[in-house]
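Structure file run.cif; described as mmCIF, C-alpha atoms and all ligand atoms.
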data_entry
#
loop_
_atom_site.label_atom_id
_atom_site.label_comp_id
_atom_site.auth_asym_id
_atom_site.auth_seq_id
_atom_site.Cartn_x
_atom_site.Cartn_y
_atom_site.Cartn_z
CA MET Y 123 85.53 -30.28 28.50
CA GLU Y 124 86.14 -29.10 32.07
CA LEU Y 125 89.13 -26.92 32.75
CA GLN Y 126 91.95 -28.76 34.49
CA ARG Y 127 95.12 -27.91 36.36
CA LEU Y 128 98.16 -27.49 34.17
CA ASP Y 129 100.48 -29.60 36.38
CA LYS Y 130 97.97 -32.46 36.50
CA ILE Y 131 97.59 -32.62 32.73
CA ILE Y 132 101.33 -32.49 32.01
CA ALA Y 133 102.16 -35.09 34.69
CA ALA Y 134 99.48 -37.50 33.41
CA GLN Y 135 100.31 -37.11 29.72
CA LEU Y 136 104.07 -37.34 30.11
CA ASN Y 137 104.04 -39.88 32.97
CA ILE Y 138 106.21 -37.77 35.23
CA SER Y 139 105.59 -36.86 38.87
CA ARG Y 140 103.47 -33.86 39.84
CA LYS Y 141 106.39 -32.69 42.01
CA GLU Y 142 108.76 -32.66 39.05
CA VAL Y 143 106.21 -30.91 36.84
CA LYS Y 144 105.48 -28.25 39.48
CA SER Y 145 109.15 -27.43 39.72
CA GLY Y 146 109.47 -27.43 35.91
CA ILE Y 147 106.55 -25.01 35.60
CA ARG Y 148 108.11 -22.72 38.21
CA ASN Y 149 111.29 -22.76 36.13
CA GLY Y 150 109.44 -21.61 33.01
CA LYS Y 151 109.21 -24.93 31.16
CA ALA Y 152 105.46 -24.72 30.39
CA GLU Y 153 103.93 -22.69 27.59
CA ILE Y 154 100.21 -22.46 26.95
CA ASN Y 155 99.19 -21.06 23.57
CA GLY Y 156 102.66 -19.58 23.23
CA THR Y 157 102.79 -17.88 26.64
CA VAL Y 158 105.02 -19.11 29.46
CA ILE Y 159 102.88 -19.97 32.49
CA LEU Y 160 104.50 -20.13 35.92
CA ASN Y 161 101.49 -21.27 38.01
CA ALA Y 162 101.02 -25.01 38.41
CA ASP Y 163 97.33 -24.53 39.16
CA TYR Y 164 96.69 -22.53 35.95
CA GLN Y 165 93.45 -23.86 34.42
CA ILE Y 166 93.53 -25.15 30.86
CA ASN Y 167 91.26 -26.90 28.41
CA PRO Y 168 93.54 -29.76 27.32
CA GLU Y 169 91.48 -30.44 24.19
CA LYS Y 170 91.78 -26.88 22.91
CA ASP Y 171 94.86 -25.23 24.40
CA SER Y 172 98.25 -25.90 22.90
CA ILE Y 173 100.64 -27.16 25.54
CA VAL Y 174 104.41 -27.20 25.29
CA TYR Y 175 106.56 -28.57 28.12
CA ASP Y 176 110.32 -28.51 28.15
CA GLY Y 177 110.33 -27.57 24.47
CA GLN Y 178 108.06 -30.46 23.41
CA ALA Y 179 104.43 -30.36 22.31
CA VAL Y 180 102.19 -32.29 24.69
CA ILE Y 181 99.51 -34.07 22.68
CA TYR Y 182 96.55 -34.60 24.97
CA LYS Y 183 94.91 -38.01 24.98
CA GLU Y 184 92.09 -38.73 27.37
CA PHE Y 185 92.79 -42.46 27.27
CA VAL Y 186 95.39 -44.70 25.69
CA TYR Y 187 94.87 -48.05 23.96
CA ILE Y 188 97.75 -50.46 23.59
CA VAL Y 189 97.70 -53.79 21.78
CA MET Y 190 100.16 -56.37 23.07
CA ASN Y 191 101.23 -59.81 21.96
CA LYS Y 192 101.52 -61.23 25.47
CA PRO Y 193 104.41 -63.62 25.89
CA ALA Y 194 104.28 -66.66 28.19
CA GLY Y 195 105.61 -66.24 31.73
CA VAL Y 196 104.26 -62.75 32.39
CA LEU Y 197 101.34 -61.90 34.69
CA SER Y 198 98.23 -60.14 33.36
CA ALA Y 199 98.04 -57.63 36.20
CA SER Y 200 98.69 -53.94 36.71
CA SER Y 201 101.39 -54.56 39.31
CA ASP Y 202 102.95 -57.29 41.40
CA LYS Y 203 105.50 -57.14 44.22
CA SER Y 204 108.00 -59.51 42.66
CA ARG Y 205 106.77 -60.93 39.37
CA GLU Y 206 106.94 -59.30 35.93
CA THR Y 207 103.59 -58.01 34.66
CA VAL Y 208 102.34 -57.02 31.23
CA ILE Y 209 102.49 -53.37 32.32
CA ASP Y 210 106.25 -53.77 32.90
CA LEU Y 211 106.55 -54.63 29.19
CA VAL Y 212 104.90 -51.40 28.01
CA PRO Y 213 107.59 -49.05 26.62
CA ALA Y 214 108.22 -45.92 28.72
CA ALA Y 215 106.88 -43.63 25.97
CA LEU Y 216 103.44 -45.31 26.20
CA LYS Y 217 103.29 -45.69 29.97
CA ARG Y 218 101.03 -43.69 32.18
CA LYS Y 219 99.19 -44.05 35.44
CA GLY Y 220 96.09 -46.21 35.60
CA LEU Y 221 96.94 -48.68 32.82
CA PHE Y 222 95.45 -52.16 33.21
CA PRO Y 223 94.93 -55.22 31.01
CA VAL Y 224 91.42 -55.66 29.60
CA GLY Y 225 90.71 -59.08 31.11
CA ARG Y 226 93.27 -61.55 32.30
CA LEU Y 227 95.19 -64.16 30.41
CA ASP Y 228 96.87 -66.88 32.48
CA LYS Y 229 100.61 -66.57 33.00
CA ASP Y 230 101.29 -69.28 30.40
CA THR Y 231 98.69 -68.00 27.87
CA THR Y 232 100.02 -65.96 24.96
CA GLY Y 233 98.53 -63.61 22.38
CA LEU Y 234 96.23 -60.64 22.04
CA LEU Y 235 95.90 -58.40 25.08
CA ILE Y 236 94.55 -54.86 25.15
CA ILE Y 237 95.94 -52.49 27.76
CA THR Y 238 94.18 -49.22 28.52
CA ASP Y 239 93.19 -46.74 31.21
CA ASP Y 240 89.62 -46.51 29.87
CA GLY Y 241 87.39 -48.38 32.32
CA ASP Y 242 84.16 -47.99 30.33
CA PHE Y 243 85.79 -49.40 27.22
CA ALA Y 244 87.10 -52.41 29.17
CA HIS Y 245 83.68 -53.05 30.62
CA ARG Y 246 82.09 -53.03 27.15
CA VAL Y 247 84.63 -55.58 25.94
CA LEU Y 248 84.38 -57.87 28.93
CA THR Y 249 80.75 -57.98 29.94
CA PRO Y 250 79.35 -61.35 28.74
CA LYS Y 251 76.06 -59.56 28.10
CA ASN Y 252 77.65 -57.92 25.02
CA GLU Y 253 78.60 -61.34 23.64
CA ILE Y 254 82.00 -60.28 22.38
CA TYR Y 255 83.59 -63.60 21.54
CA LYS Y 256 87.30 -64.10 22.21
CA THR Y 257 89.03 -66.55 19.86
CA TYR Y 258 91.77 -68.85 21.15
CA ILE Y 259 93.85 -71.64 19.67
CA ALA Y 260 94.37 -74.43 22.19
CA GLY Y 261 96.92 -77.23 21.97
CA LEU Y 262 95.35 -80.30 23.57
CA ASP Y 263 96.51 -83.67 24.86
CA GLY Y 264 93.83 -85.55 22.92
CA GLU Y 265 91.29 -85.30 20.16
CA VAL Y 266 88.16 -83.17 20.19
CA THR Y 267 85.08 -85.34 19.62
CA GLU Y 268 81.78 -84.34 18.05
CA GLN Y 269 80.21 -84.74 21.48
CA THR Y 270 82.60 -82.14 22.95
CA VAL Y 271 81.73 -79.71 20.16
CA LYS Y 272 78.03 -80.19 21.00
CA ASP Y 273 78.60 -79.91 24.77
CA PHE Y 274 80.48 -76.63 24.32
CA LEU Y 275 77.72 -75.29 22.08
CA ASN Y 276 75.06 -76.19 24.62
CA GLY Y 277 77.07 -74.64 27.47
CA ILE Y 278 79.30 -77.10 29.27
CA VAL Y 279 79.11 -77.54 33.05
CA LEU Y 280 82.49 -77.32 34.82
CA ALA Y 281 83.62 -79.82 37.46
CA ASP Y 282 82.44 -77.48 40.25
CA GLY Y 283 78.95 -77.22 38.73
CA THR Y 284 79.48 -73.82 37.05
CA GLN Y 285 77.37 -73.46 33.93
CA CYS Y 286 79.21 -71.91 30.97
CA ARG Y 287 77.65 -69.98 28.15
CA LYS Y 288 77.62 -71.20 24.59
CA ALA Y 289 81.13 -71.70 23.13
CA TYR Y 290 82.14 -72.47 19.57
CA LEU Y 291 84.70 -75.23 19.18
CA LYS Y 292 86.39 -76.21 15.92
CA PRO Y 293 88.86 -79.11 15.85
CA LEU Y 294 92.09 -78.37 13.98
CA GLU Y 295 94.92 -80.61 12.85
CA GLY Y 296 97.38 -82.02 15.35
CA ASN Y 297 95.22 -82.10 18.49
CA ARG Y 298 94.61 -78.37 18.29
CA ALA Y 299 91.30 -76.57 18.38
CA GLU Y 300 89.89 -73.12 17.86
CA ILE Y 301 87.58 -72.06 20.65
CA LYS Y 302 85.46 -68.92 20.98
CA ILE Y 303 84.07 -67.84 24.35
CA CYS Y 304 82.36 -64.64 25.46
CA GLU Y 305 83.00 -64.80 29.20
CA GLY Y 306 86.12 -64.83 31.30
CA LYS Y 307 85.83 -67.15 34.27
CA TYR Y 308 89.04 -68.10 36.05
CA HIS Y 309 91.02 -70.59 33.88
CA GLN Y 310 87.83 -70.95 31.89
CA ILE Y 311 89.09 -72.70 28.76
CA LYS Y 312 91.35 -75.06 30.70
CA ARG Y 313 88.44 -75.96 32.96
CA MET Y 314 86.06 -76.37 30.00
CA PHE Y 315 88.40 -78.81 28.28
CA GLY Y 316 89.03 -80.43 31.67
CA ALA Y 317 85.29 -81.09 31.98
CA ALA Y 318 85.50 -82.82 28.59
CA GLY Y 319 88.47 -84.96 29.72
CA LEU Y 320 91.13 -83.00 27.79
CA GLY Y 321 94.24 -81.21 29.04
CA VAL Y 322 95.42 -77.90 27.55
CA ASN Y 323 99.14 -77.78 26.67
CA SER Y 324 99.14 -74.33 25.09
CA LEU Y 325 96.72 -71.47 24.69
CA GLU Y 326 96.96 -68.41 22.47
CA ARG Y 327 94.36 -65.66 22.06
CA ARG Y 328 94.11 -64.72 18.40
CA ALA Y 329 91.17 -62.29 18.33
CA ILE Y 330 88.65 -60.33 20.37
CA GLY Y 331 85.43 -59.89 18.42
CA GLY Y 332 86.54 -58.97 14.90
CA TYR Y 333 89.89 -57.52 16.02
CA GLU Y 334 92.78 -59.88 15.28
CA LEU Y 335 96.22 -60.01 16.84
CA PRO Y 336 98.37 -57.98 14.39
CA ASP Y 337 100.89 -60.32 12.76
CA PHE Y 338 103.70 -57.74 12.95
CA LEU Y 339 103.76 -57.96 16.75
CA ALA Y 340 106.31 -60.45 18.08
CA PRO Y 341 105.69 -61.90 21.56
CA GLY Y 342 106.35 -59.19 24.15
CA GLU Y 343 105.85 -56.33 21.67
CA CYS Y 344 103.08 -53.78 21.77
CA THR Y 345 101.77 -50.92 19.71
CA GLU Y 346 99.57 -47.95 20.46
CA VAL Y 347 96.28 -47.75 18.56
CA THR Y 348 93.34 -45.37 18.56
CA LYS Y 349 89.97 -46.30 19.99
CA TYR Y 350 88.65 -46.24 16.41
CA GLN Y 351 91.20 -48.77 15.24
CA LEU Y 352 89.75 -51.09 17.88
CA ASN Y 353 86.19 -50.73 16.52
CA PRO Y 354 86.31 -54.22 14.94
CA LEU Y 355 86.34 -55.53 18.51
CA PHE Y 356 82.65 -54.82 18.65
CA ILE Y 357 81.89 -56.60 15.39
CA ALA Y 358 81.07 -60.27 15.84
CA LYS Y 359 83.50 -62.72 14.34
N1 LIG N 401 90.95 -69.49 29.59
C1 LIG N 401 91.99 -70.00 30.27
O1 LIG N 401 91.91 -71.10 30.79
N2 LIG N 401 93.10 -69.27 30.36
C2 LIG N 401 93.25 -68.07 29.78
O2 LIG N 401 94.32 -67.46 29.89
C3 LIG N 401 92.17 -67.55 29.06
C4 LIG N 401 91.02 -68.28 28.98
#
Go through the file and emit its structure as structure tokens.
Amino acid sequence: MELQRLDKIIAAQLNISRKEVKSGIRNGKAEINGTVILNADYQINPEKDSIVYDGQAVIYKEFVYIVMNKPAGVLSASSDKSRETVIDLVPAALKRKGLFPVGRLDKDTTGLLIITDDGDFAHRVLTPKNEIYKTYIAGLDGEVTEQTVKDFLNGIVLADGTQCRKAYLKPLEGNRAEIKICEGKYHQIKRMFGAAGLGVNSLERRAIGGYELPDFLAPGECTEVTKYQLNPLFIAK
């Protein structure tokens, strides 16, 4: 790994400003491998060197992965001038610069959302080419017919002529349905059901690939996981 500036690493890992870190370093708060370092531009290997700042060990993580049970009423965006976003719900201890949601859920959609600062990982999850199916439970205003199941499987055409990829639809009790899609067009599921003459009253994402929404997460809660814990994402389900 390339050597990096001490102040940059501490600021990024602890989510504090570079200015604050620089002043802290000048005041003797940083120790590398047991030696106090007073230069902010001191070069370290964050994967090998032991870093202590303000008496606390700094555990270096290149990227973070957060699993959230998104509640209704919150925007899937990194920031917004006036409205609450999913990033606002991330606890301070897990926050750092560059976090973004992996794909967008509508404001009223609930359920599984991954938040990370790893762009390559997000791309792997989202690109339709990889055929990672996302599983949703939709509450509908009518019944799913056999014809709709077939139309979704063959790739339904939306009202504006957009051709969708294959989707798996399974009717459930009480005008609900499980639907699996591997692409993320704007309001895709609502528009797909719309093309079949059905309205969507509720939508919850339950899984991405083989990774399921953990049942211990209440709406609005999140938990940090490792990249390896997310491996089931890449296993078809
Ligand atoms: N499709 C939708 O219509 N909305 C979502 O939030 C996700 C998929």
Protein and nucleic acid residues within 10 Å of ligand LIG 401 (chain N) (only C-alpha atoms and all ligand atoms) as a PyMOL selection string: chain Y and resi 198+225-233+256-258+260+301-303+305-316+322+324-327
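Minimum distance to Asp176 (chain Y) across Y:Ile132, Y:Ala215, Y:Val196, Y:Gln285 (counting only C-alpha atoms) occurs at Y:Ile132.
You can rank Y:Leu335, Y:Ile254, Y:Val158, Y:Val279 by their closest distance to Cys304 (chain Y) using only C-alpha atoms, and at the top of that list sits Y:Ile254.
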Up to 12 Å from (104.4, -59.3, 16.1) in the file's coordinates: name the residues, counting all atoms listed in the file, as a PyMOL selection string. chain Y and resi 189-193+232-234+328+334-345
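For Arg218 (chain Y), the non-local neighbours within 8 Å, defined as residues at least 2 positions apart in the same chain or in other chains and counting all atoms listed in the file, are Ala134, Gln135, Leu136, Asn137, Leu216, Gly220 and Leu221 of chain Y.
Our summary of the geometry notes that CA of Glu169 (chain Y) is positioned 12.2 Å from CA of Asn155 (chain Y).
Nearest to Gly321 (chain Y) of all the residues Y:Ala299, Y:Leu262, Y:Ala358, Y:Ala289 is Y:Leu262, counting all atoms listed in the file.
Proximity to Pro293 (chain Y) was assessed for Y:Ala214, Y:Val186, Y:Val271, Y:Ala317 counting only C-alpha atoms; the smallest distance is recorded for Y:Val271.
Take the candidates Y:Glu142, Y:Asp163, Y:Glu124, Y:Asp240 and check each one against Thr348 (chain Y) using all atoms listed in the file; the shortest distance goes to Y:Asp240.
Candidate residues Y:Lys272, Y:Lys292, Y:Arg140, Y:Lys349 were compared for distance to Ile236 (chain Y), and the nearest is Y:Lys349, using all atoms listed in the file.
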Need to verify the contact set: Ala318 (chain Y), 12 Å, only C-alpha atoms, exclusion of same-chain residues closer than 6 positions in sequence. Can you return it as a PyMOL selection string? chain Y and resi 262-274+277-281+311-312
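The gap separating CA of Ile138 (chain Y) from CA of Gln351 (chain Y) is 27.3 Å, in Å to one decimal.
One finds CA of Glu300 (chain Y) at 22.8 Å from CA of Pro223 (chain Y).
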